[in-house]
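Asks: Input file: model.cif. Contents: mmCIF, C-alpha atoms.
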data_data
loop_
_atom_site.label_atom_id
_atom_site.label_comp_id
_atom_site.auth_asym_id
_atom_site.auth_seq_id
_atom_site.Cartn_x
_atom_site.Cartn_y
_atom_site.Cartn_z
CA MET A 1 -97.11 41.94 134.63
CA ASN A 2 -98.28 40.06 137.78
CA ARG A 3 -96.40 37.10 139.22
CA THR A 4 -98.67 34.47 137.65
CA LEU A 5 -98.31 35.92 134.15
CA LEU A 6 -94.55 36.28 134.62
CA ILE A 7 -94.19 32.61 135.60
CA ALA A 8 -96.38 31.52 132.67
CA SER A 9 -94.34 33.64 130.26
CA SER A 10 -91.09 32.19 131.58
CA LEU A 11 -92.39 28.63 131.23
CA LEU A 12 -93.55 29.32 127.68
CA THR A 13 -90.14 30.74 126.76
CA ALA A 14 -88.38 27.76 128.30
CA CYS A 15 -90.60 25.32 126.41
CA THR A 16 -90.04 27.17 123.17
CA LEU A 17 -86.28 27.16 123.59
CA GLY A 18 -86.30 23.57 124.70
CA THR A 19 -87.97 22.41 121.48
CA ALA A 20 -85.97 24.70 119.19
CA ALA A 21 -83.66 23.07 116.69
CA PRO A 22 -80.49 24.41 115.09
CA GLN A 23 -81.17 26.51 111.99
CA THR A 24 -78.77 27.54 109.27
CA PHE A 25 -79.11 31.16 108.17
CA ASP A 26 -77.96 32.35 104.74
CA PHE A 27 -76.30 35.79 104.80
CA LYS A 28 -76.24 36.35 101.04
CA ASP A 29 -78.88 39.05 101.20
CA PRO A 30 -81.40 38.99 98.31
CA LYS A 31 -82.10 42.67 99.01
CA GLY A 32 -78.42 43.64 98.84
CA VAL A 33 -78.65 45.59 102.09
CA ASN A 34 -76.10 43.72 104.21
CA ALA A 35 -72.86 45.64 104.63
CA ILE A 36 -69.84 45.90 106.87
CA ARG A 37 -68.58 49.38 107.75
CA PHE A 38 -64.94 50.27 108.34
CA HIS A 39 -63.36 53.40 109.76
CA LEU A 40 -59.76 54.57 109.98
CA ASP A 41 -59.54 57.56 112.31
CA SER A 42 -56.26 59.02 111.08
CA LEU A 43 -54.85 62.39 112.10
CA LEU A 44 -55.17 64.12 108.72
CA GLU A 45 -57.84 62.16 106.86
CA PRO A 46 -60.38 60.11 108.81
CA ILE A 47 -61.65 57.56 106.30
CA SER A 48 -64.91 55.62 106.34
CA GLY A 49 -66.20 53.06 103.91
CA THR A 50 -68.37 50.00 103.38
CA ALA A 51 -68.28 46.55 101.85
CA ASN A 52 -71.49 44.88 100.73
CA GLY A 53 -70.37 41.68 98.99
CA ILE A 54 -71.34 39.49 101.94
CA SER A 55 -72.13 35.80 101.83
CA GLY A 56 -71.89 32.80 104.11
CA ALA A 57 -73.95 30.85 106.60
CA VAL A 58 -74.31 30.64 110.37
CA THR A 59 -75.93 27.75 112.25
CA PHE A 60 -77.68 28.93 115.40
CA ASP A 61 -79.66 27.14 118.09
CA PRO A 62 -81.32 29.50 120.62
CA SER A 63 -81.35 26.71 123.21
CA ASN A 64 -77.59 26.19 122.83
CA PRO A 65 -76.04 29.46 121.58
CA GLY A 66 -72.52 28.36 122.54
CA ALA A 67 -72.65 25.83 119.70
CA THR A 68 -73.07 28.55 117.07
CA ARG A 69 -70.79 28.00 114.08
CA GLY A 70 -70.40 29.53 110.66
CA THR A 71 -68.37 31.41 108.08
CA LEU A 72 -68.96 34.91 106.74
CA THR A 73 -67.18 36.09 103.60
CA VAL A 74 -66.77 39.53 102.07
CA ALA A 75 -65.86 40.04 98.41
CA ALA A 76 -62.81 42.29 98.82
CA LYS A 77 -63.53 44.17 95.59
CA THR A 78 -66.73 45.56 97.12
CA LEU A 79 -64.80 47.69 99.63
CA VAL A 80 -65.37 51.32 98.76
CA VAL A 81 -64.67 54.78 100.21
CA PRO A 82 -66.19 58.06 98.99
CA ASN A 83 -63.08 59.07 97.03
CA ALA A 84 -62.71 56.99 93.83
CA THR A 85 -58.92 57.34 93.68
CA MET A 86 -58.58 56.23 97.29
CA THR A 87 -60.81 53.23 96.55
CA GLU A 88 -58.53 52.29 93.66
CA HIS A 89 -55.50 52.50 95.95
CA LEU A 90 -57.30 50.46 98.63
CA LEU A 91 -57.91 47.57 96.22
CA SER A 92 -54.43 47.71 94.65
CA PRO A 93 -51.60 45.18 95.18
CA ALA A 94 -49.90 47.61 97.58
CA TRP A 95 -52.87 47.56 99.95
CA LEU A 96 -55.49 44.79 99.87
CA ALA A 97 -54.34 43.06 96.68
CA THR A 98 -57.87 42.04 95.79
CA GLU A 99 -56.86 40.35 92.53
CA THR A 100 -54.79 37.74 94.37
CA HIS A 101 -56.80 37.79 97.63
CA PRO A 102 -60.41 38.21 96.51
CA GLU A 103 -62.04 37.29 99.81
CA ILE A 104 -62.00 38.47 103.40
CA SER A 105 -63.41 35.81 105.71
CA PHE A 106 -64.35 35.24 109.32
CA VAL A 107 -64.72 31.68 110.59
CA LEU A 108 -66.80 31.55 113.79
CA ASN A 109 -65.55 28.78 116.06
CA GLU A 110 -67.62 29.39 119.19
CA LEU A 111 -69.64 31.81 121.27
CA VAL A 112 -68.63 32.27 124.90
CA ASP A 113 -69.99 34.30 127.82
CA THR A 114 -73.47 33.99 126.35
CA GLN A 115 -76.40 35.80 127.94
CA VAL A 116 -79.94 35.47 126.63
CA GLN A 117 -82.64 38.08 127.09
CA GLY A 118 -85.82 37.56 125.13
CA GLY A 119 -84.86 36.76 121.56
CA THR A 120 -81.40 38.31 121.78
CA THR A 121 -78.18 36.53 122.70
CA SER A 122 -75.20 38.64 123.79
CA ALA A 123 -71.85 36.88 123.61
CA THR A 124 -68.21 37.00 122.64
CA ALA A 125 -67.50 35.41 119.28
CA LYS A 126 -64.18 33.62 118.91
CA GLY A 127 -62.92 32.93 115.45
CA LYS A 128 -60.34 33.45 112.75
CA LEU A 129 -60.24 36.52 110.51
CA THR A 130 -58.41 36.25 107.19
CA ILE A 131 -57.38 39.37 105.25
CA LYS A 132 -54.89 39.44 102.37
CA GLY A 133 -54.09 35.79 102.99
CA VAL A 134 -53.16 36.33 106.65
CA SER A 135 -55.26 34.62 109.33
CA LYS A 136 -55.46 35.85 112.92
CA ASP A 137 -57.51 34.77 115.94
CA VAL A 138 -59.96 37.48 116.99
CA VAL A 139 -62.63 37.95 119.63
CA VAL A 140 -65.69 40.03 118.81
CA PRO A 141 -68.49 41.19 121.15
CA VAL A 142 -71.72 40.39 119.32
CA THR A 143 -75.47 40.20 119.66
CA LEU A 144 -77.61 37.73 117.78
CA THR A 145 -81.32 38.44 117.54
CA LEU A 146 -83.67 35.71 116.36
CA LEU A 147 -86.83 36.99 114.65
CA PRO A 148 -89.30 34.12 114.15
CA ASP A 149 -91.59 34.25 111.11
CA ALA A 150 -90.02 37.50 109.88
CA LEU A 151 -88.44 36.36 106.59
CA GLY A 152 -91.52 36.88 104.43
CA LYS A 153 -92.23 40.28 105.95
CA ARG A 154 -88.69 41.51 105.26
CA LEU A 155 -88.76 40.36 101.65
CA GLY A 156 -92.32 41.50 101.02
CA LYS A 157 -93.48 37.93 100.38
CA ALA A 158 -96.12 36.97 102.92
CA GLU A 159 -96.25 33.42 101.55
CA LEU A 160 -92.56 32.84 102.30
CA LYS A 161 -92.13 31.07 105.64
CA GLY A 162 -88.94 31.42 107.62
CA ASP A 163 -86.98 33.19 110.32
CA LEU A 164 -84.32 35.89 110.46
CA LEU A 165 -81.10 36.13 112.45
CA VAL A 166 -79.60 39.59 112.92
CA ILE A 167 -75.94 39.77 113.93
CA ARG A 168 -74.43 42.99 115.26
CA GLY A 169 -70.85 43.54 116.35
CA GLU A 170 -67.94 45.97 116.50
CA PHE A 171 -64.20 45.45 116.90
CA THR A 172 -60.81 46.88 115.94
CA ILE A 173 -57.88 45.32 114.10
CA VAL A 174 -54.35 46.52 113.36
CA ARG A 175 -53.65 46.68 109.63
CA ALA A 176 -49.97 45.79 110.08
CA ASP A 177 -51.07 42.41 111.49
CA TYR A 178 -52.43 41.57 108.05
CA GLY A 179 -49.54 42.95 106.02
CA ILE A 180 -51.43 46.05 104.88
CA GLN A 181 -48.70 48.66 104.40
CA PRO A 182 -47.32 48.26 107.94
CA GLY A 183 -45.90 51.47 109.37
CA LYS A 184 -46.63 53.53 106.26
CA ASN A 185 -48.68 56.71 105.80
CA GLU A 186 -49.99 56.56 109.36
CA ASP A 187 -50.81 60.27 109.42
CA LYS A 188 -53.32 59.72 106.59
CA VAL A 189 -54.21 56.05 107.03
CA SER A 190 -54.71 55.01 110.63
CA PRO A 191 -52.82 51.89 111.75
CA GLN A 192 -56.07 50.71 113.34
CA ILE A 193 -59.22 49.76 111.47
CA LYS A 194 -62.56 49.81 113.27
CA LEU A 195 -65.03 47.31 111.85
CA SER A 196 -68.76 47.23 112.57
CA LEU A 197 -71.50 45.05 111.20
CA GLY A 198 -75.24 44.76 111.35
CA ILE A 199 -76.26 41.98 108.98
CA VAL A 200 -79.29 39.74 108.58
CA GLY A 201 -79.56 36.13 107.45
CA GLY A 202 -82.61 34.15 106.49
CA SER A 203 -83.70 30.56 107.07
CA THR A 204 -86.62 29.20 105.07
CA ARG A 205 -88.90 26.38 106.14
CA THR A 206 -91.76 24.48 104.62
#
Spell out the structure here as structure tokens.
Replies:
Amino acid sequence: MNRTLLIASSLLTACTLGTAAPQTFDFKDPKGVNAIRFHLDSLLEPISGTANGISGAVTFDPSNPGATRGTLTVAAKTLVVPNATMTEHLLSPAWLATETHPEISFVLNELVDTQVQGGTTSATAKGKLTIKGVSKDVVVPVTLTLLPDALGKRLGKAELKGDLLVIRGEFTIVRADYGIQPGKNEDKVSPQIKLSLGIVGGSTRT
């Protein structure tokens, strides 16, 4: 790209961002694809699983990404590992107690250290993670990718107008911090839980 085209492209991007307005994206996926993955890399039995009961909303303005706010919720009963008996134990009162604590939630308070390249914002998300009724402040490195006019294409409905926001992130928590069998069975169930997400939300417009 020559210098003239580069300047024109930069001006166009600046104008686009300057006129952008905050949008609220719904992360209750009509396709049921959204999922969070978790991994416990224990000595004897590395365990991996998913949770797909995701809902919530995030308000995002590409011209002011630091103002991003939102809440994402996971239905705790949707956590599953390949072994059915282990899944039953995971959801039991001794572990996640999903009957009395049916939701896992993350409240996003702010994005800091934001860097924008094209349609993708890289940042550190600061918020509060609640598991089994215990809330802790966490920081999560994330990317947020805005995909204009992509909602209808994803859902196979060309007549549906709207945008997509894809959030990706990965971080680690300590299960004892949330009262999940602290100090127990650490040879089979790692004390650390690695969480990763790649989820998409949609925002319709008329």
Asks: Report, in Å with one decimal, the straight-line distance from CA of Phe171 in chain A to CA of Ser196 in chain A.
Replies: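 Separating CA of Phe171 in chain A from CA of Ser196 in chain A is a distance of 6.5 Å.
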Asks: Taking all atoms listed in the file into account, which of A:Thr73, A:Gln181, A:Gln23, A:Thr100 comes nearest Leu129 in chain A?
Replies: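 Of the candidates, the smallest distance to Leu129 in chain A is held by A:Thr73.
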Asks: For a test of reading the model, state the distance in Å between CA of Glu170 in chain A and CA of Ala21 in chain A, rounded to one decimal.
Replies: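 The value is 27.8 Å.
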Asks: Set the distance at 8 Å and use only C-alpha atoms: which residues neighbour range 147-162 of chain A once local chain neighbours fewer than 2 positions away are removed? I'd like the list as a VMD selection string.
Replies: chain A and resid 31 119 145 164 to 166 202 to 206
Asks: What separation in Å, quoted to one decimal, exists between CA of Ile180 in chain A and CA of Thr98 in chain A?
Replies: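 Separation between CA of Ile180 in chain A and CA of Thr98 in chain A: 11.8 Å.
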Asks: Excluding Gly66 in chain A and residues on its chain fewer than 3 positions from it, collect all residues at most 12 Å away from it, counting all atoms listed in the file, and give them as a list of chain:residue names.
Replies: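 Final neighbour list, sorted by chain and number: A:Pro22, A:Thr59, A:Phe60, A:Asp61, A:Pro62, A:Ser63, A:Arg69, A:Leu108, A:Asn109, A:Glu110, A:Leu111, A:Val112, A:Asp113, A:Thr114, A:Gln115, A:Val116, A:Thr121, A:Ser122, A:Ala123, A:Thr124, A:Ala125, A:Lys126, A:Leu144.
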Asks: With all atoms listed in the file as the basis for distance, which of A:Asn185, A:Gly198, A:Gln192, A:Val107 is at the shortest distance from Thr143 in chain A?
Replies: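 The shortest atom-to-atom distance to Thr143 in chain A comes from A:Gly198.
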Asks: Could you check which of A:Gly56, A:Gly70, A:Gly49, A:Gly179 is closest to Leu195 in chain A, using only C-alpha atoms?
Replies: A:Gly49
Asks: What does range 123-190 of chain A look like written to a file with C-alpha atoms, as a PDB file, in the first residue's frame?
Replies:
ATOM      1  CA  ALA A 123      -6.577  -5.310  26.718  1.00  0.00           C
ATOM      2  CA  THR A 124      -6.584  -6.455  30.305  1.00  0.00           C
ATOM      3  CA  ALA A 125     -10.063  -6.995  31.704  1.00  0.00           C
ATOM      4  CA  LYS A 126     -10.565  -6.187  35.367  1.00  0.00           C
ATOM      5  CA  GLY A 127     -13.572  -7.618  37.094  1.00  0.00           C
ATOM      6  CA  LYS A 128     -15.058  -9.851  39.736  1.00  0.00           C
ATOM      7  CA  LEU A 129     -15.421 -13.622  39.337  1.00  0.00           C
ATOM      8  CA  THR A 130     -17.977 -15.409  41.505  1.00  0.00           C
ATOM      9  CA  ILE A 131     -17.868 -19.190  41.961  1.00  0.00           C
ATOM     10  CA  LYS A 132     -19.753 -21.134  44.636  1.00  0.00           C
ATOM     11  CA  GLY A 133     -20.864 -17.869  46.211  1.00  0.00           C
ATOM     12  CA  VAL A 134     -17.308 -16.536  46.614  1.00  0.00           C
ATOM     13  CA  SER A 135     -16.318 -13.384  44.713  1.00  0.00           C
ATOM     14  CA  LYS A 136     -12.721 -12.499  43.869  1.00  0.00           C
ATOM     15  CA  ASP A 137     -11.133  -9.705  41.848  1.00  0.00           C
ATOM     16  CA  VAL A 138      -9.418 -11.055  38.734  1.00  0.00           C
ATOM     17  CA  VAL A 139      -7.504  -9.668  35.776  1.00  0.00           C
ATOM     18  CA  VAL A 140      -7.797 -11.386  32.412  1.00  0.00           C
ATOM     19  CA  PRO A 141      -5.836 -10.708  29.201  1.00  0.00           C
ATOM     20  CA  VAL A 142      -8.442 -10.518  26.449  1.00  0.00           C
ATOM     21  CA  THR A 143      -9.020  -9.627  22.835  1.00  0.00           C
ATOM     22  CA  LEU A 144     -12.280  -8.227  21.533  1.00  0.00           C
ATOM     23  CA  THR A 145     -12.898  -8.395  17.805  1.00  0.00           C
ATOM     24  CA  LEU A 146     -15.728  -6.379  16.291  1.00  0.00           C
ATOM     25  CA  LEU A 147     -17.197  -7.878  13.106  1.00  0.00           C
ATOM     26  CA  PRO A 148     -19.542  -5.373  11.438  1.00  0.00           C
ATOM     27  CA  ASP A 149     -22.522  -6.739   9.496  1.00  0.00           C
ATOM     28  CA  ALA A 150     -21.630 -10.340  10.372  1.00  0.00           C
ATOM     29  CA  LEU A 151     -24.647 -11.342  12.502  1.00  0.00           C
ATOM     30  CA  GLY A 152     -26.854 -12.454   9.614  1.00  0.00           C
ATOM     31  CA  LYS A 153     -24.039 -14.400   7.982  1.00  0.00           C
ATOM     32  CA  ARG A 154     -23.280 -16.320  11.183  1.00  0.00           C
ATOM     33  CA  LEU A 155     -26.912 -17.246  11.747  1.00  0.00           C
ATOM     34  CA  GLY A 156     -27.620 -18.001   8.094  1.00  0.00           C
ATOM     35  CA  LYS A 157     -30.168 -15.176   7.875  1.00  0.00           C
ATOM     36  CA  ALA A 158     -29.037 -12.641   5.300  1.00  0.00           C
ATOM     37  CA  GLU A 159     -31.972 -10.373   6.136  1.00  0.00           C
ATOM     38  CA  LEU A 160     -30.862 -10.035   9.773  1.00  0.00           C
ATOM     39  CA  LYS A 161     -28.825  -6.866  10.265  1.00  0.00           C
ATOM     40  CA  GLY A 162     -26.317  -6.589  13.067  1.00  0.00           C
ATOM     41  CA  ASP A 163     -22.755  -6.945  14.281  1.00  0.00           C
ATOM     42  CA  LEU A 164     -20.758  -9.530  16.203  1.00  0.00           C
ATOM     43  CA  LEU A 165     -18.291  -9.164  19.062  1.00  0.00           C
ATOM     44  CA  VAL A 166     -15.877 -12.041  19.651  1.00  0.00           C
ATOM     45  CA  ILE A 167     -14.173 -12.204  23.054  1.00  0.00           C
ATOM     46  CA  ARG A 168     -11.157 -14.428  23.628  1.00  0.00           C
ATOM     47  CA  GLY A 169      -9.220 -14.846  26.851  1.00  0.00           C
ATOM     48  CA  GLU A 170      -7.289 -17.236  29.073  1.00  0.00           C
ATOM     49  CA  PHE A 171      -6.437 -17.146  32.774  1.00  0.00           C
ATOM     50  CA  THR A 172      -5.846 -19.355  35.812  1.00  0.00           C
ATOM     51  CA  ILE A 173      -7.558 -19.451  39.196  1.00  0.00           C
ATOM     52  CA  VAL A 174      -6.860 -21.372  42.405  1.00  0.00           C
ATOM     53  CA  ARG A 175      -9.794 -23.569  43.413  1.00  0.00           C
ATOM     54  CA  ALA A 176      -9.087 -23.133  47.138  1.00  0.00           C
ATOM     55  CA  ASP A 177      -9.785 -19.400  46.729  1.00  0.00           C
ATOM     56  CA  TYR A 178     -13.394 -20.303  45.956  1.00  0.00           C
ATOM     57  CA  GLY A 179     -13.827 -22.953  48.627  1.00  0.00           C
ATOM     58  CA  ILE A 180     -13.651 -25.866  46.181  1.00  0.00           C
ATOM     59  CA  GLN A 181     -12.206 -28.712  48.261  1.00  0.00           C
ATOM     60  CA  PRO A 182      -9.129 -26.724  49.339  1.00  0.00           C
ATOM     61  CA  GLY A 183      -6.044 -28.874  49.810  1.00  0.00           C
ATOM     62  CA  LYS A 184      -7.803 -32.123  48.929  1.00  0.00           C
ATOM     63  CA  ASN A 185      -7.046 -34.723  46.257  1.00  0.00           C
ATOM     64  CA  GLU A 186      -4.390 -32.529  44.663  1.00  0.00           C
ATOM     65  CA  ASP A 187      -2.675 -35.493  42.998  1.00  0.00           C
ATOM     66  CA  LYS A 188      -5.852 -36.140  40.977  1.00  0.00           C
ATOM     67  CA  VAL A 189      -7.482 -32.704  40.934  1.00  0.00           C
ATOM     68  CA  SER A 190      -5.053 -29.866  40.334  1.00  0.00           C
TER      69      SER A 190
END
